[in-house]
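So this one's input_14.pdb, PDB, C-alpha atoms, pLDDT in the B column:
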ATOM      1  CA  MET A   1      51.281 115.372  42.826  1.00 47.00           C
ATOM      2  CA  SER A   2      54.577 117.103  43.471  1.00 54.00           C
ATOM      3  CA  PHE A   3      57.684 115.856  45.204  1.00 59.00           C
ATOM      4  CA  ALA A   4      59.050 119.323  45.872  1.00 61.00           C
ATOM      5  CA  PRO A   5      61.208 118.330  48.864  1.00 65.00           C
ATOM      6  CA  PHE A   6      63.022 115.789  46.667  1.00 64.00           C
ATOM      7  CA  ASP A   7      63.551 117.967  43.583  1.00 71.00           C
ATOM      8  CA  GLY A   8      67.142 118.835  44.488  1.00 73.00           C
ATOM      9  CA  LEU A   9      68.026 115.392  45.832  1.00 76.00           C
ATOM     10  CA  PRO A  10      69.987 114.114  42.787  1.00 79.00           C
ATOM     11  CA  ALA A  11      72.061 117.285  42.656  1.00 81.00           C
ATOM     12  CA  MET A  12      72.706 117.129  46.388  1.00 83.00           C
ATOM     13  CA  LEU A  13      73.771 113.468  46.200  1.00 87.00           C
ATOM     14  CA  LEU A  14      76.072 114.265  43.281  1.00 89.00           C
ATOM     15  CA  GLY A  15      77.626 117.105  45.269  1.00 89.00           C
ATOM     16  CA  LEU A  16      78.129 114.873  48.291  1.00 91.00           C
ATOM     17  CA  GLY A  17      79.711 112.219  46.072  1.00 93.00           C
ATOM     18  CA  ILE A  18      82.126 114.802  44.716  1.00 93.00           C
ATOM     19  CA  ASP A  19      82.924 115.939  48.262  1.00 93.00           C
ATOM     20  CA  LEU A  20      83.575 112.340  49.313  1.00 95.00           C
ATOM     21  CA  ALA A  21      85.820 111.690  46.304  1.00 95.00           C
ATOM     22  CA  ALA A  22      87.740 114.917  46.914  1.00 94.00           C
ATOM     23  CA  GLY A  23      88.178 113.952  50.557  1.00 95.00           C
ATOM     24  CA  ILE A  24      89.469 110.487  49.688  1.00 95.00           C
ATOM     25  CA  ILE A  25      91.923 111.864  47.133  1.00 95.00           C
ATOM     26  CA  LEU A  26      93.100 114.552  49.536  1.00 94.00           C
ATOM     27  CA  GLY A  27      93.400 112.023  52.376  1.00 94.00           C
ATOM     28  CA  VAL A  28      95.607 109.734  50.297  1.00 93.00           C
ATOM     29  CA  LEU A  29      97.764 112.640  49.099  1.00 93.00           C
ATOM     30  CA  TYR A  30      97.973 114.227  52.546  1.00 93.00           C
ATOM     31  CA  PHE A  31      99.047 111.082  54.359  1.00 91.00           C
ATOM     32  CA  HIS A  32     101.353 110.012  51.534  1.00 90.00           C
ATOM     33  CA  THR A  33     103.214 113.324  51.797  1.00 89.00           C
ATOM     34  CA  LEU A  34     103.206 112.939  55.579  1.00 89.00           C
ATOM     35  CA  TRP A  35     104.877 109.546  55.120  1.00 86.00           C
ATOM     36  CA  TRP A  36     107.396 111.099  52.716  1.00 85.00           C
ATOM     37  CA  ASN A  37     108.047 113.912  55.208  1.00 86.00           C
ATOM     38  CA  THR A  38     108.599 111.478  58.063  1.00 83.00           C
ATOM     39  CA  ARG A  39     111.137 109.507  56.062  1.00 81.00           C
ATOM     40  CA  ARG A  40     112.814 112.760  55.019  1.00 82.00           C
ATOM     41  CA  PHE A  41     113.242 113.859  58.632  1.00 80.00           C
ATOM     42  CA  ALA A  42     114.315 110.396  59.843  1.00 80.00           C
ATOM     43  CA  LEU A  43     116.939 109.930  57.145  1.00 80.00           C
ATOM     44  CA  GLY A  44     118.385 113.399  57.614  1.00 77.00           C
ATOM     45  CA  GLY A  45     117.195 114.907  54.362  1.00 73.00           C
ATOM     46  CA  ARG A  46     117.031 118.610  53.626  1.00 80.00           C
ATOM     47  CA  ALA A  47     114.903 120.158  56.327  1.00 80.00           C
ATOM     48  CA  ILE A  48     113.778 123.120  54.213  1.00 86.00           C
ATOM     49  CA  THR A  49     112.192 120.777  51.650  1.00 84.00           C
ATOM     50  CA  ALA A  50     110.382 118.810  54.339  1.00 82.00           C
ATOM     51  CA  ILE A  51     109.162 121.979  56.069  1.00 86.00           C
ATOM     52  CA  ALA A  52     107.928 123.445  52.773  1.00 89.00           C
ATOM     53  CA  ALA A  53     106.035 120.222  52.021  1.00 87.00           C
ATOM     54  CA  MET A  54     104.535 120.285  55.507  1.00 89.00           C
ATOM     55  CA  ILE A  55     103.324 123.874  55.106  1.00 93.00           C
ATOM     56  CA  GLY A  56     101.934 123.118  51.652  1.00 93.00           C
ATOM     57  CA  ARG A  57     100.164 120.035  52.966  1.00 92.00           C
ATOM     58  CA  PHE A  58      98.474 122.031  55.724  1.00 93.00           C
ATOM     59  CA  MET A  59      97.448 124.795  53.316  1.00 95.00           C
ATOM     60  CA  VAL A  60      95.865 122.400  50.816  1.00 94.00           C
ATOM     61  CA  LEU A  61      94.022 120.495  53.552  1.00 94.00           C
ATOM     62  CA  GLY A  62      92.808 123.699  55.189  1.00 95.00           C
ATOM     63  CA  GLY A  63      91.744 125.167  51.856  1.00 94.00           C
ATOM     64  CA  LEU A  64      89.675 122.145  50.891  1.00 93.00           C
ATOM     65  CA  LEU A  65      88.025 121.965  54.297  1.00 94.00           C
ATOM     66  CA  ILE A  66      87.212 125.688  54.153  1.00 96.00           C
ATOM     67  CA  LEU A  67      85.654 125.251  50.698  1.00 93.00           C
ATOM     68  CA  ALA A  68      83.599 122.330  51.984  1.00 93.00           C
ATOM     69  CA  SER A  69      82.490 124.329  55.032  1.00 94.00           C
ATOM     70  CA  LEU A  70      81.207 127.121  52.786  1.00 95.00           C
ATOM     71  CA  GLN A  71      78.770 124.602  51.306  1.00 92.00           C
ATOM     72  CA  GLY A  72      77.446 123.596  54.710  1.00 92.00           C
ATOM     73  CA  ALA A  73      77.904 121.158  57.556  1.00 94.00           C
ATOM     74  CA  LEU A  74      77.017 118.003  55.625  1.00 94.00           C
ATOM     75  CA  PRO A  75      79.550 118.546  52.796  1.00 94.00           C
ATOM     76  CA  LEU A  76      82.203 119.342  55.419  1.00 95.00           C
ATOM     77  CA  LEU A  77      81.406 116.137  57.291  1.00 96.00           C
ATOM     78  CA  VAL A  78      81.435 114.056  54.107  1.00 95.00           C
ATOM     79  CA  THR A  79      84.790 115.556  53.068  1.00 95.00           C
ATOM     80  CA  ALA A  80      86.260 114.806  56.503  1.00 95.00           C
ATOM     81  CA  VAL A  81      84.987 111.219  56.295  1.00 96.00           C
ATOM     82  CA  GLY A  82      86.591 110.975  52.846  1.00 96.00           C
ATOM     83  CA  ILE A  83      89.921 112.100  54.301  1.00 95.00           C
ATOM     84  CA  LEU A  84      89.686 109.383  56.948  1.00 94.00           C
ATOM     85  CA  ILE A  85      88.824 106.778  54.294  1.00 95.00           C
ATOM     86  CA  GLY A  86      91.864 107.889  52.294  1.00 93.00           C
ATOM     87  CA  ARG A  87      94.029 107.577  55.396  1.00 92.00           C
ATOM     88  CA  ALA A  88      92.729 104.072  56.095  1.00 91.00           C
ATOM     89  CA  ALA A  89      93.357 103.014  52.492  1.00 90.00           C
ATOM     90  CA  LEU A  90      96.920 104.324  52.563  1.00 89.00           C
ATOM     91  CA  MET A  91      97.654 102.770  55.959  1.00 87.00           C
ATOM     92  CA  ARG A  92      96.351  99.427  54.688  1.00 85.00           C
ATOM     93  CA  GLN A  93      98.662  99.684  51.671  1.00 83.00           C
ATOM     94  CA  VAL A  94     101.691 100.554  53.810  1.00 78.00           C
ATOM     95  CA  GLY A  95     100.802  97.783  56.240  1.00 73.00           C
ATOM     96  CA  ALA A  96     100.771  95.315  53.356  1.00 61.00           C
ATOM     97  CA  PHE A  97     104.433  96.114  52.642  1.00 61.00           C
ATOM     98  CA  PRO A  98     106.280  96.105  55.990  1.00 55.00           C
ATOM     99  CA  GLU A  99     109.627  96.113  54.186  1.00 56.00           C
ATOM    100  CA  LYS A 100     108.900  99.727  53.221  1.00 55.00           C
ATOM    101  CA  VAL A 101     108.847 100.606  56.902  1.00 54.00           C
ATOM    102  CA  ALA A 102     112.031  98.692  57.719  1.00 50.00           C
ATOM    103  CA  THR A 103     114.038 100.306  54.904  1.00 54.00           C
ATOM    104  CA  SER A 104     112.751 103.807  55.544  1.00 52.00           C
ATOM    105  CA  PHE A 105     114.557 104.346  58.843  1.00 51.00           C
ATOM    106  CA  PRO A 106     118.176 104.096  59.968  1.00 53.00           C
ATOM    107  CA  PRO A 107     119.537 100.631  60.811  1.00 52.00           C
ATOM    108  CA  GLY A 108     118.784  99.337  64.275  1.00 50.00           C
ATOM    109  CA  ASN A 109     115.056  99.146  64.681  1.00 46.00           C
ATOM    110  CA  ALA A 110     112.181  99.423  62.258  1.00 47.00           C
ATOM    111  CA  THR A 111     110.639 102.461  63.921  1.00 48.00           C
ATOM    112  CA  GLY A 112     113.652 104.684  64.360  1.00 47.00           C
ATOM    113  CA  ILE A 113     112.488 105.322  67.928  1.00 47.00           C
ATOM    114  CA  GLY A 114     115.077 105.087  70.658  1.00 46.00           C
ATOM    115  CA  GLU A 115     118.020 105.507  68.331  1.00 48.00           C
ATOM    116  CA  PRO A 116     120.820 107.689  69.696  1.00 46.00           C
ATOM    117  CA  ALA A 117     121.424 110.879  67.737  1.00 47.00           C
ATOM    118  CA  PRO A 118     124.624 110.812  65.640  1.00 48.00           C
TER     119      PRO A 118
END

As structure tokens, how would this structure be written, given the file I've shared?
Amino acid sequence: MSFAPFDGLPAMLLGLGIDLAAGIILGVLYFHTLWWNTRRFALGGRAITAIAAMIGRFMVLGGLLILASLQGALPLLVTAVGILIGRAALMRQVGAFPEKVATSFPPGNATGIGEPAP
């Protein structure tokens, strides 16, 4: 008796686990650098540094998603889900420390929205 359809199942599950882990790691890194970039722009930091980080962030995200798409639709979907899990984890961490938000923007309001330009 042969289970030929299930012969590659462990390898496939391992590959999907790696794709999920890569997506989670990339999601955390991507949204952490997005947070850093937002603070950089809001506090009037060097624009060239923030723009370079933004371009690098897009290139790394695009590169990983392209690599996942070369493996097929399921690895691409699992990687994208991993990115969303990483985003949720980072947003939960930032939400747990609201003082980070309040000290990241100019005085006035915690969002930096509606502030007159200097």

Checklist entry - Any chance you could work out the residue set of the PyMOL selection byres ((chain A and resi 69-76) around 12) here, as a ChimeraX atom specification? => result /A:12-23,62-68,77-83

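Interatomic distance, atom CA of A:Arg57 to atom CA of A:Val94: 19.6 Å.
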
Checklist entry - What gap, in Å, lies between atom CA of A:Tyr30 and atom CA of A:Pro10? => result 29.6 Å

Checklist entry - Applied to the shown file, which residues does the PyMOL selection byres ((chain A and resi 40) around 12) return, written as a count of residues only? => result 24

Item to check | Between atom CA of A:Gly86 and atom CA of A:Met59 - distance in Å to one decimal | outcome: 17.8 Å

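With only C-alpha atoms as the atoms that count, the residue of A:Leu9, A:Leu61, A:Phe31, A:Ile25 with the shortest distance to A:Arg92 is A:Phe31.
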
Put the listed atoms of stretch 36-50 of chain A in a box along x, y and z with 6 Å added on every side and give me the centre and edge lengths in Å to one decimal, as AutoDock Vina command-line options.
--center_x 112.9 --center_y 116.3 --center_z 55.7 --size_x 23.0 --size_y 25.6 --size_z 20.2
